[in-house]
Amino acid sequence: MNSNVVELKHPLIQHKISRLRDKNTGTAEFRSLVEEIAMLMGYEALKDLPLEDIEVETPIEKCMTPVIAGKNFAIVPILRAGLGMVSGIQALVPTAKIGHIGLYRDEKTHEPHEYYCKLPSPIEERLIVVTDPMLATGGSAVAAVNFIKQHGGKKIKFMSIIAAPQGIERLMEAHPDIQLYVGHIDRELNENAYICPGLGDAGDRIFGTK
């Protein structure tokens, strides 16, 4: 496998993904699980966040100690399902700036079309984590990374809870310079471009819509 593709096999992540898959898991629990998985994935994906030293006074003495460098991190969810992962990552880095990319998928061609793109400035100086719970055909992921690069983004990580092999291949072929973090690589896409075994429509299950 491409060294820029990391499948996170931590038992807590795998357990929570199994709960996501269950068709009987309701909206509130599903939403909480997505947040928790995003937080656990974020712990690994953000291990190279840049640090800077500041002076802090402990109860004993003053010392120089590291903190996350100020304007260096942004979370960019792909609307709408990607929103479900934001709060989990934000819990780790409350100072993170948040952008949004809106894409809709053509029901016949399954290709993405942009309807909204708003990124925090200056985007070129930031580590950018793009979130989408499902990486299926890879079309939306490739388009989102294209938009970010067009706006000047350079250091990009992509986080998906589950992914199909076809989506991984398409994304990494188009953008071999990014890092991809996946909770589980599923078997395949079916003829309707749904991930199998998958977990259904993540957006509908997060927001309780059909």
# chains A, B, ... in the order shown; residues from 1 in each chain; ligands from 1
$ closest_atom_pairs --of "region 72-112 of chain A" --to "region 188-197 of chain A" --cutoff "12 Å" --atoms "only C-alpha atoms" --output "tab-separated table"
residue	atom	partner	partner_atom	distance
A:Arg105	CA	A:Ala193	CA	10.9
A:Asp106	CA	A:Ala193	CA	11.6
A:Glu107	CA	A:Asn192	CA	9.2
A:Lys108	CA	A:Asn192	CA	9.3
A:Thr109	CA	A:Ala193	CA	10.0
A:His110	CA	A:Ala193	CA	7.5
A:Glu111	CA	A:Ala193	CA	10.6
$ select_by_dssp --residues "region 30-76 of chain A" --states "alpha helix (DSSP H)" --output "PyMOL selection string"
chain A and resi 30-45
$ closest_atom_pairs --of "region 76-143 of chain A" --to "region 154-172 of chain A" --cutoff "7 Å" --atoms "only C-alpha atoms" --output "Markdown table"
| residue | atom | partner | partner_atom | distance |
| --- | --- | --- | --- | --- |
| A:Glu124 | CA | A:Lys154 | CA | 5.9 |
| A:Arg126 | CA | A:Lys155 | CA | 6.9 |
| A:Leu127 | CA | A:Lys155 | CA | 5.2 |
| A:Ile128 | CA | A:Ile156 | CA | 4.8 |
| A:Val129 | CA | A:Lys157 | CA | 4.8 |
| A:Val130 | CA | A:Phe158 | CA | 4.7 |
| A:Thr131 | CA | A:Met159 | CA | 5.0 |
| A:Asp132 | CA | A:Ser160 | CA | 5.3 |
| A:Pro133 | CA | A:Ser160 | CA | 4.6 |
| A:Met134 | CA | A:Ile162 | CA | 5.2 |
| A:Leu135 | CA | A:Ala163 | CA | 4.5 |
| A:Ala136 | CA | A:Gly167 | CA | 5.0 |
| A:Thr137 | CA | A:Gly167 | CA | 4.4 |
| A:Gly138 | CA | A:Gly167 | CA | 4.0 |
| A:Ala141 | CA | A:Leu171 | CA | 6.6 |
| A:Val142 | CA | A:Leu171 | CA | 5.5 |
$ closest_residue --among "A:Ala38, A:Val145, A:Ile75, A:Leu199" --to "Ala174 (chain A)" --atoms "only C-alpha atoms"
A:Val145
$ select_by_dssp --residues "region 116-200 of chain A" --states "strand (DSSP E)" --output "PyMOL selection string"
chain A and resi 116-118+127-131+134-135+155-163+179-185+188-189+195-196
$ write_last_selection --atoms "N, CA, C and O atoms" --output "short mmCIF file (atom, residue, chain, number, x, y, z; two decimals), in the first residue's frame"
data_model
loop_
_atom_site.label_atom_id
_atom_site.label_comp_id
_atom_site.auth_asym_id
_atom_site.auth_seq_id
_atom_site.Cartn_x
_atom_site.Cartn_y
_atom_site.Cartn_z
N TYR A 116 -20.09 25.49 -3.14
CA TYR A 116 -19.64 26.41 -2.09
C TYR A 116 -18.19 26.09 -1.73
O TYR A 116 -17.81 24.92 -1.62
N CYS A 117 -17.38 27.13 -1.57
CA CYS A 117 -15.99 26.92 -1.11
C CYS A 117 -15.54 28.16 -0.34
O CYS A 117 -15.45 29.25 -0.88
N LYS A 118 -15.29 27.98 0.95
CA LYS A 118 -14.84 29.08 1.81
C LYS A 118 -13.73 28.54 2.70
O LYS A 118 -13.96 27.63 3.50
N LEU A 127 -1.64 23.70 7.94
CA LEU A 127 -1.89 22.28 7.74
C LEU A 127 -3.41 22.14 7.62
O LEU A 127 -4.15 22.61 8.49
N ILE A 128 -3.88 21.51 6.54
CA ILE A 128 -5.31 21.42 6.27
C ILE A 128 -5.75 19.97 6.38
O ILE A 128 -5.18 19.09 5.71
N VAL A 129 -6.75 19.71 7.21
CA VAL A 129 -7.33 18.38 7.31
C VAL A 129 -8.72 18.42 6.69
O VAL A 129 -9.61 19.13 7.17
N VAL A 130 -8.88 17.68 5.60
CA VAL A 130 -10.18 17.59 4.92
C VAL A 130 -10.92 16.37 5.49
O VAL A 130 -10.33 15.29 5.63
N THR A 131 -12.19 16.55 5.83
CA THR A 131 -12.95 15.45 6.42
C THR A 131 -14.14 15.06 5.55
O THR A 131 -14.86 15.91 5.04
N MET A 134 -16.92 9.12 4.29
CA MET A 134 -16.88 8.04 3.31
C MET A 134 -16.10 8.47 2.07
O MET A 134 -16.39 9.51 1.48
N LEU A 135 -15.13 7.66 1.68
CA LEU A 135 -14.38 7.87 0.44
C LEU A 135 -14.81 6.75 -0.50
O LEU A 135 -14.35 5.61 -0.38
N LYS A 155 -0.14 21.88 2.35
CA LYS A 155 0.03 20.70 3.21
C LYS A 155 -1.36 20.17 3.58
O LYS A 155 -2.07 20.77 4.39
N ILE A 156 -1.76 19.07 2.95
CA ILE A 156 -3.14 18.59 3.05
C ILE A 156 -3.16 17.14 3.54
O ILE A 156 -2.41 16.29 3.04
N LYS A 157 -4.03 16.89 4.51
CA LYS A 157 -4.33 15.53 4.96
C LYS A 157 -5.81 15.29 4.73
O LYS A 157 -6.61 16.23 4.85
N PHE A 158 -6.17 14.06 4.43
CA PHE A 158 -7.58 13.72 4.19
C PHE A 158 -7.95 12.63 5.18
O PHE A 158 -7.22 11.66 5.36
N MET A 159 -9.11 12.79 5.85
CA MET A 159 -9.56 11.81 6.83
C MET A 159 -10.92 11.25 6.44
O MET A 159 -11.88 12.00 6.27
N SER A 160 -10.99 9.91 6.29
CA SER A 160 -12.25 9.23 6.02
C SER A 160 -12.40 8.06 6.98
O SER A 160 -11.42 7.37 7.26
N ILE A 161 -13.62 7.84 7.45
CA ILE A 161 -13.85 6.73 8.38
C ILE A 161 -13.82 5.40 7.65
O ILE A 161 -13.18 4.45 8.10
N ILE A 162 -14.51 5.30 6.50
CA ILE A 162 -14.39 4.11 5.68
C ILE A 162 -14.10 4.53 4.25
O ILE A 162 -14.45 5.63 3.83
N ALA A 163 -13.43 3.64 3.50
CA ALA A 163 -13.05 3.96 2.13
C ALA A 163 -13.12 2.71 1.27
O ALA A 163 -12.89 1.59 1.74
N GLN A 179 -1.57 13.12 2.50
CA GLN A 179 -1.66 11.96 3.38
C GLN A 179 -3.13 11.61 3.59
O GLN A 179 -3.96 12.50 3.80
N LEU A 180 -3.44 10.32 3.51
CA LEU A 180 -4.81 9.84 3.68
C LEU A 180 -4.89 8.95 4.90
O LEU A 180 -4.14 7.97 5.02
N TYR A 181 -5.79 9.29 5.82
CA TYR A 181 -6.03 8.49 7.02
C TYR A 181 -7.42 7.88 6.93
O TYR A 181 -8.40 8.59 6.74
N VAL A 182 -7.47 6.55 7.05
CA VAL A 182 -8.72 5.80 6.88
C VAL A 182 -8.94 4.91 8.09
O VAL A 182 -8.00 4.27 8.58
N GLY A 183 -10.18 4.87 8.58
CA GLY A 183 -10.51 3.98 9.69
C GLY A 183 -10.60 2.53 9.25
O GLY A 183 -10.14 1.63 9.95
N HIS A 184 -11.20 2.29 8.08
CA HIS A 184 -11.29 0.92 7.56
C HIS A 184 -11.41 0.95 6.04
O HIS A 184 -12.18 1.74 5.50
N ILE A 185 -10.64 0.09 5.36
CA ILE A 185 -10.74 -0.04 3.91
C ILE A 185 -11.73 -1.17 3.62
O ILE A 185 -11.47 -2.34 3.96
N GLU A 188 -15.44 -3.07 -1.60
CA GLU A 188 -15.65 -2.61 -2.98
C GLU A 188 -16.78 -1.59 -3.04
O GLU A 188 -17.46 -1.33 -2.06
N LEU A 189 -16.95 -1.02 -4.23
CA LEU A 189 -18.14 -0.23 -4.56
C LEU A 189 -19.11 -1.12 -5.32
O LEU A 189 -18.70 -1.93 -6.15
N ILE A 195 -20.37 2.12 -0.96
CA ILE A 195 -19.33 1.28 -0.37
C ILE A 195 -19.97 0.03 0.24
O ILE A 195 -20.99 0.12 0.93
N CYS A 196 -19.35 -1.15 -0.01
CA CYS A 196 -19.82 -2.42 0.57
C CYS A 196 -18.72 -3.02 1.44
O CYS A 196 -17.58 -3.10 1.00
#
$ atom_distance --atom1 "CA of Val76 (chain A)" --atom2 "CA of Thr27 (chain A)"
22.8 Å
$ residues_around --residues "Glu52 (chain A)" --least-positions-apart "2" --cutoff "9 Å" --atoms "only C-alpha atoms" --output "MDAnalysis selection string"
chainID A and resid 50 54 65:70
$ closest_residue --among "A:Phe73, A:Ser3, A:Ile37, A:Ile101" --to "Leu51 (chain A)" --atoms "only C-alpha atoms"
A:Phe73
